[in-house]
Amino acid sequence: MDKLLIRGGRRLQGEVSISGAKNAALPELCAALLTADPVVLANVPRLQDVATMQRLIANMGVAIERQSDGRVHVNASGLSTPEAPYELVKTMRASVLALGPLLARFGEATVSLPGGCAIGSRPVDQHIKGLQAMGAEIVVEHGYIIAKLPAGRTRLRGARITTDMVTVTGTENFLMAATLAEGETVLENAAQEPEIVDLAEMLIAMGARIEGHGSSRIRIVGVERLHGCEHAVVADRIETGTFLCAVAAAGGDVLLRHARADHLDAVIDKLCEAGVEIHSEAGGLRVRSNGAEQLKAQGFRTTEYPGFPTDMQAQFMALNCVAQGTATVTETIFENRYMHVDELLRLGARIQVDGRVAVVEGLAGSGVRLSGATVMATDLRASASLVIAGLVAEGETVVDRIYHLDRGYDCMEAKLRGIGADIQRI
Ligand SMILES: CC(=O)N[C@H]1[C@@H](OP(=O)(O)OP(=O)(O)OC[C@H]2O[C@@H](n3ccc(=O)[nH]c3=O)[C@H](O)[C@@H]2O)O[C@H](CO)[C@@H](O)[C@@H]1O
Ligand SMILES: C=C(OP(=O)(O)O)C(=O)O
């Protein structure tokens, strides 16, 4: 099983190319199931979840092929099996995104309850409730969501859907399902993440009638059919934020090519308050830092977009561990997203967790540094936080179970090595 060996203490210098967003590419691959025409997705990141989604879609009888230039061609004209079996979805939350498109185009879908990061119980009750409001008959049996249209109906019907909480993949499922439904669907309390906007733009390019994406109220008027399109996946704001934290902690001067500051305001504001220099320039985002010793730890509270993303909580916490002062972090989205804390403690971090609140006492100025050790990745962003900690720890850090990291980062260690980190896969 692969591990990462990191020798800490190197400054980071040069350029990194930010890949397409995992959390946009995955729904967009599912959106290709909504049409029998060819769809081409460009800027698709090379990562395990995308490979899993490709297998899942191919298993339905769909032609799907990745080209060497990062384009993925999908042709769902021959889709024969509207099913997502457990074996293929157990590692990936986003597999639930097959439900809306399959139901909308074929009137039936059988999708295993999804896996993904074990950061909370992560039910899909809102997805089911919303699709039921659109006329689907749904039962959950033997670990599968089995959905179909009632006898005599060929299309979902538009509905007003108000979810109990803001849900990203829930909003994406309803958005995709509603494009082919009869009549108007209004999504209240919709997620506003850039990945939702990117998906909506792709659907509009396929002929969908959508307005309000990027706000909490999205209106969709269903059409009878969608056509093919070519769409480029938006840059990954979480990969961007991860590299910003890595450079902030290790110190250095790096250009993040293709990165978009406008999708990461909450994180960039905190990094600037900490003392990191970040500005947009031709081709991307420039980050400069004199290293964590010079930075001030920052408190934050994770919330839905445009607030501080839960997917950046672990990486920013690693930075706080080595900065000056004490900071309070509150995780409001997932009830079990502090699994990196025990591993950071193994490296010598000072963190106390009480429920959803973590108090981090930064080591800068204390005369003590993080010291390299063997740690275990427990989920995707936890893995990234351990890599950041390893970049600044004294001596060697070995991060075990990096299959979590490979789920969601495109060649992370190669990109870090390219800017001077001493990191290798063993
Ligand atoms: C593939 C993908 O895009 N994953 C992202 C997506 O996950 P995902 O879409 O799974 O997260 P949600 O936005 O749905 O979850 C938000 C909260 O709502 C709860 N909930 C959600 C749906 C539901 O039916 N019932 C329910 O109780 C969840 O348990 C969680 O506490 O958004 C999360 C929040 O920004 C990110 O951390 C994930 O990276
Ligand atoms: C939690 C994440 O992914 P997933 O929803 O796919 O588990 C993530 O991307 O940080």
# chains A, B, ... in the order shown; residues from 1 in each chain; ligands from 1
>>> residues_around(residues="A:Val254", least_positions_apart="3", cutoff="7 Å", atoms="only C-alpha atoms", output="PyMOL selection string")
chain A and resi 12-15+286-288
>>> write_last_selection(atoms="N, CA and C atoms", output="PDB file, in the first residue's frame")
ATOM      1  N   LEU A  12       9.216  26.446  -0.741  1.00  0.00           N
ATOM      2  CA  LEU A  12       8.593  26.067  -2.007  1.00  0.00           C
ATOM      3  C   LEU A  12       8.704  27.221  -3.001  1.00  0.00           C
ATOM      4  N   GLN A  13       9.077  26.914  -4.212  1.00  0.00           N
ATOM      5  CA  GLN A  13       9.400  27.951  -5.190  1.00  0.00           C
ATOM      6  C   GLN A  13       9.046  27.466  -6.588  1.00  0.00           C
ATOM      7  N   GLY A  14       8.367  28.290  -7.379  1.00  0.00           N
ATOM      8  CA  GLY A  14       8.112  27.918  -8.775  1.00  0.00           C
ATOM      9  C   GLY A  14       6.642  28.023  -9.139  1.00  0.00           C
ATOM     10  N   GLU A  15       6.173  27.070  -9.955  1.00  0.00           N
ATOM     11  CA  GLU A  15       4.790  27.131 -10.459  1.00  0.00           C
ATOM     12  C   GLU A  15       4.109  25.774 -10.319  1.00  0.00           C
ATOM     13  N   ARG A 286      -0.592  34.321  -7.224  1.00  0.00           N
ATOM     14  CA  ARG A 286       0.768  34.288  -6.663  1.00  0.00           C
ATOM     15  C   ARG A 286       0.659  34.255  -5.141  1.00  0.00           C
ATOM     16  N   VAL A 287       1.391  33.357  -4.496  1.00  0.00           N
ATOM     17  CA  VAL A 287       1.402  33.297  -3.029  1.00  0.00           C
ATOM     18  C   VAL A 287       2.840  33.395  -2.537  1.00  0.00           C
ATOM     19  N   ARG A 288       3.037  34.271  -1.534  1.00  0.00           N
ATOM     20  CA  ARG A 288       4.369  34.435  -0.937  1.00  0.00           C
ATOM     21  C   ARG A 288       4.231  34.372   0.567  1.00  0.00           C
TER      22      ARG A 288
END
>>> residues_around(residues="A:Gly241", least_positions_apart="4", cutoff="10 Å", atoms="only C-alpha atoms", output="VMD selection string")
chain A and resid 236 to 237 245 to 247 256 259 261 263 to 264 267 to 268 271 309 311 to 312 315 to 316
>>> write_last_selection(atoms="N, CA and C atoms", output="mmCIF file, in the first residue's frame")
data_model
loop_
_atom_site.group_PDB
_atom_site.id
_atom_site.type_symbol
_atom_site.label_atom_id
_atom_site.label_comp_id
_atom_site.auth_asym_id
_atom_site.auth_seq_id
_atom_site.Cartn_x
_atom_site.Cartn_y
_atom_site.Cartn_z
ATOM 1 N N ASP A 236 -10.004 23.707 -9.587
ATOM 2 C CA ASP A 236 -10.329 23.157 -8.261
ATOM 3 C C ASP A 236 -9.950 24.153 -7.163
ATOM 4 N N ARG A 237 -10.975 24.722 -6.515
ATOM 5 C CA ARG A 237 -10.690 25.746 -5.483
ATOM 6 C C ARG A 237 -10.110 25.091 -4.231
ATOM 7 N N CYS A 245 -2.135 26.908 1.489
ATOM 8 C CA CYS A 245 -1.761 26.591 2.882
ATOM 9 C C CYS A 245 -0.367 25.954 2.939
ATOM 10 N N ALA A 246 -0.055 25.114 1.952
ATOM 11 C CA ALA A 246 1.265 24.458 1.950
ATOM 12 C C ALA A 246 2.372 25.502 1.825
ATOM 13 N N VAL A 247 2.202 26.448 0.887
ATOM 14 C CA VAL A 247 3.239 27.477 0.689
ATOM 15 C C VAL A 247 3.275 28.392 1.911
ATOM 16 N N LEU A 256 0.249 29.762 -8.688
ATOM 17 C CA LEU A 256 -0.709 28.667 -8.889
ATOM 18 C C LEU A 256 -1.443 28.953 -10.195
ATOM 19 N N ALA A 259 -5.523 29.079 -11.074
ATOM 20 C CA ALA A 259 -6.299 29.218 -9.833
ATOM 21 C C ALA A 259 -7.175 30.462 -9.895
ATOM 22 N N ALA A 261 -9.098 33.292 -7.621
ATOM 23 C CA ALA A 261 -9.250 33.876 -6.289
ATOM 24 C C ALA A 261 -10.720 34.065 -5.936
ATOM 25 N N HIS A 263 -13.224 32.298 -6.195
ATOM 26 C CA HIS A 263 -13.934 31.134 -5.642
ATOM 27 C C HIS A 263 -13.448 30.769 -4.248
ATOM 28 N N LEU A 264 -12.531 31.586 -3.724
ATOM 29 C CA LEU A 264 -11.881 31.170 -2.474
ATOM 30 C C LEU A 264 -11.722 32.349 -1.508
ATOM 31 N N VAL A 267 -11.155 31.790 2.382
ATOM 32 C CA VAL A 267 -9.854 31.208 2.743
ATOM 33 C C VAL A 267 -8.741 32.228 2.516
ATOM 34 N N ILE A 268 -8.824 32.923 1.392
ATOM 35 C CA ILE A 268 -7.776 33.912 1.066
ATOM 36 C C ILE A 268 -7.787 35.040 2.105
ATOM 37 N N LEU A 271 -5.993 33.796 5.108
ATOM 38 C CA LEU A 271 -4.543 33.674 4.879
ATOM 39 C C LEU A 271 -3.891 35.059 4.893
ATOM 40 N N PRO A 309 -14.928 26.922 3.535
ATOM 41 C CA PRO A 309 -15.322 25.545 3.165
ATOM 42 C C PRO A 309 -14.844 24.488 4.158
ATOM 43 N N ASP A 311 -14.130 21.649 3.360
ATOM 44 C CA ASP A 311 -13.081 20.888 2.675
ATOM 45 C C ASP A 311 -11.701 21.531 2.818
ATOM 46 N N MET A 312 -11.626 22.721 3.461
ATOM 47 C CA MET A 312 -10.333 23.364 3.728
ATOM 48 C C MET A 312 -10.001 23.391 5.220
ATOM 49 N N GLN A 315 -6.663 21.364 6.287
ATOM 50 C CA GLN A 315 -5.413 21.942 5.776
ATOM 51 C C GLN A 315 -5.078 23.233 6.513
ATOM 52 N N PHE A 316 -6.107 24.071 6.789
ATOM 53 C CA PHE A 316 -5.847 25.327 7.494
ATOM 54 C C PHE A 316 -5.479 25.035 8.939
#
>>> select_by_dssp(residues="stretch 165-314 of chain A", states="strand (DSSP E)", output="ChimeraX atom specification")
/A:184-188,209-211,217-221,230-232,252-257,277-281,284-289,300-301
>>> residues_around(residues="stretch 46-62 of chain A", least_positions_apart="6", cutoff="7 Å", atoms="only C-alpha atoms", output="list in words")
Leu26, Asn75, Ala76, Gly78, Leu79, Ser80, Thr81, Pro82, Glu83, Ala84, Leu88, Met92, Asp406, Arg407, Gly408, Tyr409 and Asp410 of chain A
>>> write_last_selection(atoms="N, CA and C atoms", output="CSV table (one decimal), in the first residue's frame")
chain,number,residue,atom,x,y,z
A,26,LEU,N,-17.2,15.3,-11.3
A,26,LEU,CA,-18.0,14.1,-11.0
A,26,LEU,C,-19.5,14.4,-11.3
A,75,ASN,N,-20.5,9.0,-24.5
A,75,ASN,CA,-21.6,8.9,-25.4
A,75,ASN,C,-22.6,7.9,-24.8
A,76,ALA,N,-23.7,8.4,-24.2
A,76,ALA,CA,-24.6,7.6,-23.5
A,76,ALA,C,-25.8,7.1,-24.3
A,78,GLY,N,-26.0,4.4,-25.9
A,78,GLY,CA,-26.3,3.0,-25.7
A,78,GLY,C,-26.5,2.6,-24.3
A,79,LEU,N,-26.8,3.5,-23.4
A,79,LEU,CA,-27.0,3.1,-22.0
A,79,LEU,C,-28.0,2.0,-21.8
A,80,SER,N,-27.6,0.9,-21.2
A,80,SER,CA,-28.5,-0.3,-21.2
A,80,SER,C,-28.8,-0.6,-19.7
A,81,THR,N,-28.0,-0.2,-18.8
A,81,THR,CA,-28.2,-0.6,-17.4
A,81,THR,C,-28.2,0.6,-16.4
A,82,PRO,N,-29.4,1.1,-16.1
A,82,PRO,CA,-29.4,2.3,-15.2
A,82,PRO,C,-29.1,2.0,-13.8
A,83,GLU,N,-27.9,1.5,-13.5
A,83,GLU,CA,-27.6,0.9,-12.2
A,83,GLU,C,-26.2,1.4,-11.7
A,84,ALA,N,-26.1,1.6,-10.4
A,84,ALA,CA,-24.8,1.9,-9.9
A,84,ALA,C,-24.6,0.9,-8.7
A,88,LEU,N,-18.9,-0.6,-7.1
A,88,LEU,CA,-18.3,0.5,-7.8
A,88,LEU,C,-18.5,1.9,-7.0
A,92,MET,N,-17.1,6.2,-3.0
A,92,MET,CA,-17.3,7.5,-3.6
A,92,MET,C,-18.7,8.0,-3.3
A,406,ASP,N,-5.3,10.1,-3.0
A,406,ASP,CA,-5.4,9.8,-4.4
A,406,ASP,C,-6.8,9.9,-4.9
A,407,ARG,N,-7.8,9.8,-4.0
A,407,ARG,CA,-9.2,10.0,-4.4
A,407,ARG,C,-9.4,11.3,-5.0
A,408,GLY,N,-8.8,12.4,-4.4
A,408,GLY,CA,-9.2,13.7,-4.8
A,408,GLY,C,-8.1,14.7,-5.2
A,409,TYR,N,-6.8,14.3,-5.2
A,409,TYR,CA,-5.8,15.2,-5.7
A,409,TYR,C,-5.1,14.6,-6.9
A,410,ASP,N,-4.8,15.5,-7.9
A,410,ASP,CA,-4.2,15.1,-9.1
A,410,ASP,C,-2.7,15.2,-8.9
>>> closest_atom_pairs(of="chain A", to="ligand 2", cutoff="10 Å", atoms="only C-alpha atoms and all ligand atoms", output="Markdown table")
| residue | atom | partner | partner_atom_place_in_ligand_line | distance |
| --- | --- | --- | --- | --- |
| A:Ala21 | CA | ligand 2 | 9 (O) | 9.3 |
| A:Lys22 | CA | ligand 2 | 9 (O) | 7.2 |
| A:Asn23 | CA | ligand 2 | 9 (O) | 6.6 |
| A:Leu26 | CA | ligand 2 | 6 (O) | 8.9 |
| A:Asp49 | CA | ligand 2 | 6 (O) | 7.6 |
| A:Thr91 | CA | ligand 2 | 7 (O) | 8.2 |
| A:Met92 | CA | ligand 2 | 6 (O) | 5.6 |
| A:Arg93 | CA | ligand 2 | 6 (O) | 4.7 |
| A:Ala94 | CA | ligand 2 | 6 (O) | 5.6 |
| A:Ser95 | CA | ligand 2 | 6 (O) | 8.8 |
| A:Pro114 | CA | ligand 2 | 7 (O) | 9.3 |
| A:Gly115 | CA | ligand 2 | 7 (O) | 7.3 |
| A:Gly116 | CA | ligand 2 | 7 (O) | 3.8 |
| A:Cys117 | CA | ligand 2 | 7 (O) | 3.9 |
| A:Ala118 | CA | ligand 2 | 7 (O) | 7.3 |
| A:Ile119 | CA | ligand 2 | 1 (C) | 7.2 |
| A:Gly120 | CA | ligand 2 | 1 (C) | 9.7 |
| A:Arg122 | CA | ligand 2 | 5 (O) | 9.1 |
| A:Val168 | CA | ligand 2 | 5 (O) | 9.1 |
| A:Thr169 | CA | ligand 2 | 5 (O) | 8.4 |
| A:Ile238 | CA | ligand 2 | 9 (O) | 7.9 |
| A:Glu239 | CA | ligand 2 | 9 (O) | 9.6 |
| A:Pro309 | CA | ligand 2 | 10 (O) | 9.2 |
| A:Thr310 | CA | ligand 2 | 10 (O) | 7.5 |
| A:Asp311 | CA | ligand 2 | 10 (O) | 4.5 |
| A:Met312 | CA | ligand 2 | 10 (O) | 7.8 |
| A:Gln313 | CA | ligand 2 | 10 (O) | 9.5 |
| A:Ala314 | CA | ligand 2 | 10 (O) | 9.6 |
| A:Phe334 | CA | ligand 2 | 1 (C) | 9.3 |
| A:Arg337 | CA | ligand 2 | 1 (C) | 9.3 |
| A:Asp379 | CA | ligand 2 | 1 (C) | 7.9 |
| A:Leu380 | CA | ligand 2 | 10 (O) | 5.9 |
| A:Arg381 | CA | ligand 2 | 10 (O) | 5.5 |
| A:Ala382 | CA | ligand 2 | 10 (O) | 8.7 |
| A:Ala384 | CA | ligand 2 | 10 (O) | 9.9 |
| A:His404 | CA | ligand 2 | 7 (O) | 9.6 |
| A:Leu405 | CA | ligand 2 | 10 (O) | 9.8 |
| A:Arg407 | CA | ligand 2 | 6 (O) | 8.1 |
| A:Gly408 | CA | ligand 2 | 9 (O) | 6.4 |
| A:Tyr409 | CA | ligand 2 | 9 (O) | 9.2 |
>>> residues_around(residues="A:Thr374", least_positions_apart="5", cutoff="10 Å", atoms="only C-alpha atoms", output="number ranges by chain")
A: 3-5, 343, 346-347, 390, 396-400
>>> write_last_selection(atoms="C-alpha atoms", output="short mmCIF file (atom, residue, chain, number, x, y, z; two decimals), in the first residue's frame")
data_model
loop_
_atom_site.label_atom_id
_atom_site.label_comp_id
_atom_site.auth_asym_id
_atom_site.auth_seq_id
_atom_site.Cartn_x
_atom_site.Cartn_y
_atom_site.Cartn_z
CA LYS A 3 2.79 5.85 1.53
CA LEU A 4 4.35 9.27 1.25
CA LEU A 5 7.76 10.01 2.73
CA GLU A 343 -2.52 12.33 13.75
CA ARG A 346 1.44 12.53 16.90
CA LEU A 347 3.61 15.11 15.15
CA GLY A 390 5.06 16.95 7.07
CA GLU A 396 10.92 12.46 8.23
CA THR A 397 7.16 12.10 8.15
CA VAL A 398 5.54 9.03 6.61
CA VAL A 399 1.87 9.42 5.65
CA ASP A 400 0.22 6.02 5.40
#
>>> atom_distance(atom1="atom CA of A:Met376", atom2="atom CA of A:Ile402")
8.1 Å
>>> select_by_dssp(residues="stretch 83-292 of chain A", states="alpha helix (DSSP H)", output="ChimeraX atom specification")
/A:86-89,99-106,125-133,168-179,194-205,237-250,265-274
>>> write_last_selection(atoms="C-alpha atoms", output="compact mmCIF listing (two decimals), in the first residue's frame")
# COMPACT_ATOMS: atom_id res chain seq x y z
CA TYR A 86 -22.19 -1.26 -4.51
CA GLU A 87 -18.81 -2.56 -5.68
CA LEU A 88 -18.30 0.55 -7.78
CA VAL A 89 -19.75 3.18 -5.48
CA LEU A 99 -29.65 8.97 -9.49
CA GLY A 100 -31.13 12.23 -10.82
CA PRO A 101 -29.94 11.91 -14.44
CA LEU A 102 -30.88 8.21 -14.76
CA LEU A 103 -34.33 8.78 -13.36
CA ALA A 104 -34.89 11.83 -15.55
CA ARG A 105 -33.84 10.18 -18.82
CA PHE A 106 -34.86 6.53 -18.30
CA ASP A 125 -32.74 11.55 2.78
CA GLN A 126 -32.98 15.00 1.16
CA HIS A 127 -32.11 13.60 -2.29
CA ILE A 128 -34.87 11.02 -1.90
CA LYS A 129 -37.43 13.50 -0.56
CA GLY A 130 -36.78 15.95 -3.40
CA LEU A 131 -37.00 13.35 -6.16
CA GLN A 132 -40.21 11.99 -4.58
CA ALA A 133 -41.62 15.53 -4.75
CA VAL A 168 -24.36 20.31 -2.51
CA THR A 169 -24.92 16.94 -4.19
CA GLY A 170 -28.64 17.18 -3.37
CA THR A 171 -28.87 20.48 -5.29
CA GLU A 172 -26.91 18.89 -8.16
CA ASN A 173 -29.21 15.86 -8.33
CA PHE A 174 -32.34 18.05 -8.42
CA LEU A 175 -30.79 20.40 -10.96
CA MET A 176 -29.99 17.54 -13.34
CA ALA A 177 -33.31 15.76 -12.79
CA ALA A 178 -35.29 18.97 -13.33
CA THR A 179 -33.74 19.72 -16.73
CA PRO A 194 -18.90 27.32 -7.76
CA GLU A 195 -19.23 23.64 -8.73
CA ILE A 196 -23.03 24.07 -8.87
CA VAL A 197 -22.62 27.10 -11.13
CA ASP A 198 -20.20 25.17 -13.35
CA LEU A 199 -22.63 22.26 -13.63
CA ALA A 200 -25.52 24.62 -14.43
CA GLU A 201 -23.43 26.25 -17.16
CA MET A 202 -22.72 22.85 -18.68
CA LEU A 203 -26.43 21.94 -18.56
CA ILE A 204 -27.35 25.26 -20.21
CA ALA A 205 -24.82 24.46 -22.95
CA ARG A 237 -10.69 25.75 -5.48
CA ILE A 238 -9.89 23.18 -2.78
CA GLU A 239 -6.68 22.08 -4.49
CA THR A 240 -5.86 25.78 -4.82
CA GLY A 241 -6.51 26.36 -1.11
CA THR A 242 -4.44 23.31 -0.20
CA PHE A 243 -1.41 24.63 -2.10
CA LEU A 244 -1.93 28.10 -0.62
CA CYS A 245 -1.76 26.59 2.88
CA ALA A 246 1.27 24.46 1.95
CA VAL A 247 3.24 27.48 0.69
CA ALA A 248 2.05 29.59 3.64
CA ALA A 249 3.30 26.97 6.10
CA ALA A 250 6.56 25.99 4.39
CA ASP A 265 -12.51 34.54 -0.81
CA ALA A 266 -13.10 33.22 2.72
CA VAL A 267 -9.85 31.21 2.74
CA ILE A 268 -7.78 33.91 1.07
CA ASP A 269 -9.06 36.54 3.55
CA LYS A 270 -7.94 34.35 6.46
CA LEU A 271 -4.54 33.67 4.88
CA CYS A 272 -4.00 37.40 4.30
CA GLU A 273 -5.00 38.14 7.91
CA ALA A 274 -2.45 35.53 8.96
>>> residues_around(residues="stretch 151-166 of chain A", least_positions_apart="6", cutoff="6 Å", atoms="only C-alpha atoms", output="ChimeraX atom specification")
/A:130,134-135,181-191
>>> write_last_selection(atoms="N, CA and C atoms", output="mmCIF file, in the first residue's frame")
data_model
loop_
_atom_site.group_PDB
_atom_site.id
_atom_site.type_symbol
_atom_site.label_atom_id
_atom_site.label_comp_id
_atom_site.auth_asym_id
_atom_site.auth_seq_id
_atom_site.Cartn_x
_atom_site.Cartn_y
_atom_site.Cartn_z
ATOM 1 N N GLY A 130 -36.632 15.014 -2.272
ATOM 2 C CA GLY A 130 -36.781 15.947 -3.395
ATOM 3 C C GLY A 130 -37.229 15.226 -4.661
ATOM 4 N N MET A 134 -40.797 15.228 -7.023
ATOM 5 C CA MET A 134 -40.872 15.342 -8.497
ATOM 6 C C MET A 134 -41.605 14.146 -9.105
ATOM 7 N N GLY A 135 -42.191 13.328 -8.260
ATOM 8 C CA GLY A 135 -43.059 12.256 -8.755
ATOM 9 C C GLY A 135 -42.422 10.877 -8.778
ATOM 10 N N ALA A 181 -37.552 17.379 -16.643
ATOM 11 C CA ALA A 181 -38.880 17.174 -16.049
ATOM 12 C C ALA A 181 -39.935 17.985 -16.802
ATOM 13 N N GLU A 182 -41.185 17.628 -16.559
ATOM 14 C CA GLU A 182 -42.280 18.370 -17.173
ATOM 15 C C GLU A 182 -42.575 19.590 -16.319
ATOM 16 N N GLY A 183 -42.458 20.774 -16.865
ATOM 17 C CA GLY A 183 -42.814 21.983 -16.113
ATOM 18 C C GLY A 183 -41.644 22.556 -15.329
ATOM 19 N N GLU A 184 -42.018 23.403 -14.352
ATOM 20 C CA GLU A 184 -41.017 24.224 -13.660
ATOM 21 C C GLU A 184 -40.630 23.619 -12.305
ATOM 22 N N THR A 185 -39.337 23.644 -12.021
ATOM 23 C CA THR A 185 -38.850 23.244 -10.690
ATOM 24 C C THR A 185 -38.183 24.454 -10.049
ATOM 25 N N VAL A 186 -38.480 24.682 -8.767
ATOM 26 C CA VAL A 186 -37.795 25.755 -8.044
ATOM 27 C C VAL A 186 -37.079 25.126 -6.853
ATOM 28 N N LEU A 187 -35.771 25.353 -6.800
ATOM 29 C CA LEU A 187 -34.980 24.833 -5.677
ATOM 30 C C LEU A 187 -34.761 25.969 -4.695
ATOM 31 N N GLU A 188 -35.358 25.844 -3.507
ATOM 32 C CA GLU A 188 -35.139 26.842 -2.459
ATOM 33 C C GLU A 188 -34.034 26.300 -1.555
ATOM 34 N N ASN A 189 -33.315 27.190 -0.887
ATOM 35 C CA ASN A 189 -32.218 26.764 -0.001
ATOM 36 C C ASN A 189 -31.146 25.999 -0.781
ATOM 37 N N ALA A 190 -30.991 26.373 -2.061
ATOM 38 C CA ALA A 190 -30.026 25.663 -2.928
ATOM 39 C C ALA A 190 -28.589 25.977 -2.522
ATOM 40 N N ALA A 191 -27.696 25.036 -2.769
ATOM 41 C CA ALA A 191 -26.264 25.281 -2.557
ATOM 42 C C ALA A 191 -25.772 26.261 -3.625
#
>>> residues_around(residues="A:Lys148", least_positions_apart="4", cutoff="9 Å", atoms="only C-alpha atoms", output="PyMOL selection string")
chain A and resi 103+106-110+135-138
>>> atom_distance(atom1="atom CA of A:Glu335", atom2="atom 11 (O, counted along the ligand's line) of ligand 1")
11.9 Å
>>> closest_residue(among="A:Arg11, A:Thr35, A:Gly307, A:Ala292", to="ligand 1", atoms="only C-alpha atoms and all ligand atoms")
A:Gly307
>>> atom_distance(atom1="atom CA of A:Leu41", atom2="atom CA of A:Leu113")
26.2 Å
>>> closest_residue(among="A:Val221, A:Ile333, A:Leu255, A:Leu319", to="ligand 1", atoms="only C-alpha atoms and all ligand atoms")
A:Ile333
>>> closest_residue(among="A:Asp37, A:Glu28, A:Val387, A:Val124", to="ligand 1", atoms="only C-alpha atoms and all ligand atoms")
A:Val124
>>> closest_residue(among="A:Glu413, A:Ala282, A:Thr330, A:Pro85", to="A:Thr302", atoms="only C-alpha atoms")
A:Thr330
>>> residues_around(residues="A:Pro38", least_positions_apart="2", cutoff="9 Å", atoms="only C-alpha atoms", output="PyMOL selection string")
chain A and resi 32+35-36+40+73-77+227-230
>>> decode(residues="stretch 374-415 of chain A", atoms="C-alpha atoms", output="PDB file, in the first residue's frame")
ATOM      1  CA  THR A 374       4.498   7.957  10.896  1.00  0.00           C
ATOM      2  CA  VAL A 375       0.892   9.094  10.615  1.00  0.00           C
ATOM      3  CA  MET A 376      -2.188   7.646   9.021  1.00  0.00           C
ATOM      4  CA  ALA A 377      -4.448   9.398   6.539  1.00  0.00           C
ATOM      5  CA  THR A 378      -8.084   8.911   7.543  1.00  0.00           C
ATOM      6  CA  ASP A 379      -9.878  10.812   4.802  1.00  0.00           C
ATOM      7  CA  LEU A 380      -9.131  12.965   1.789  1.00  0.00           C
ATOM      8  CA  ARG A 381      -8.569  16.405   3.310  1.00  0.00           C
ATOM      9  CA  ALA A 382      -7.093  14.925   6.490  1.00  0.00           C
ATOM     10  CA  SER A 383      -4.415  13.398   4.248  1.00  0.00           C
ATOM     11  CA  ALA A 384      -3.672  16.813   2.747  1.00  0.00           C
ATOM     12  CA  SER A 385      -3.342  18.365   6.200  1.00  0.00           C
ATOM     13  CA  LEU A 386      -0.803  15.682   7.191  1.00  0.00           C
ATOM     14  CA  VAL A 387       1.206  16.379   4.044  1.00  0.00           C
ATOM     15  CA  ILE A 388       1.292  20.103   4.921  1.00  0.00           C
ATOM     16  CA  ALA A 389       2.375  19.283   8.465  1.00  0.00           C
ATOM     17  CA  GLY A 390       5.057  16.948   7.071  1.00  0.00           C
ATOM     18  CA  LEU A 391       6.438  19.747   4.874  1.00  0.00           C
ATOM     19  CA  VAL A 392       7.275  21.808   7.972  1.00  0.00           C
ATOM     20  CA  ALA A 393       8.046  19.064  10.513  1.00  0.00           C
ATOM     21  CA  GLU A 394      11.602  18.399  11.570  1.00  0.00           C
ATOM     22  CA  GLY A 395      12.906  15.126  10.077  1.00  0.00           C
ATOM     23  CA  GLU A 396      10.924  12.456   8.230  1.00  0.00           C
ATOM     24  CA  THR A 397       7.163  12.099   8.147  1.00  0.00           C
ATOM     25  CA  VAL A 398       5.542   9.026   6.611  1.00  0.00           C
ATOM     26  CA  VAL A 399       1.874   9.421   5.648  1.00  0.00           C
ATOM     27  CA  ASP A 400       0.216   6.024   5.405  1.00  0.00           C
ATOM     28  CA  ARG A 401      -3.054   5.110   3.608  1.00  0.00           C
ATOM     29  CA  ILE A 402      -2.715   7.752   0.946  1.00  0.00           C
ATOM     30  CA  TYR A 403      -5.345   6.106  -1.198  1.00  0.00           C
ATOM     31  CA  HIS A 404      -7.542   8.726   0.463  1.00  0.00           C
ATOM     32  CA  LEU A 405      -5.342  11.471  -1.012  1.00  0.00           C
ATOM     33  CA  ASP A 406      -5.390   9.832  -4.443  1.00  0.00           C
ATOM     34  CA  ARG A 407      -9.196   9.953  -4.441  1.00  0.00           C
ATOM     35  CA  GLY A 408      -9.177  13.713  -4.770  1.00  0.00           C
ATOM     36  CA  TYR A 409      -5.759  15.178  -5.653  1.00  0.00           C
ATOM     37  CA  ASP A 410      -4.231  15.096  -9.116  1.00  0.00           C
ATOM     38  CA  CYS A 411      -0.552  14.071  -8.699  1.00  0.00           C
ATOM     39  CA  MET A 412      -0.116  15.981  -5.464  1.00  0.00           C
ATOM     40  CA  GLU A 413       3.349  14.728  -4.615  1.00  0.00           C
ATOM     41  CA  ALA A 414       4.663  15.326  -8.145  1.00  0.00           C
ATOM     42  CA  LYS A 415       3.319  18.895  -8.026  1.00  0.00           C
TER      43      LYS A 415
END
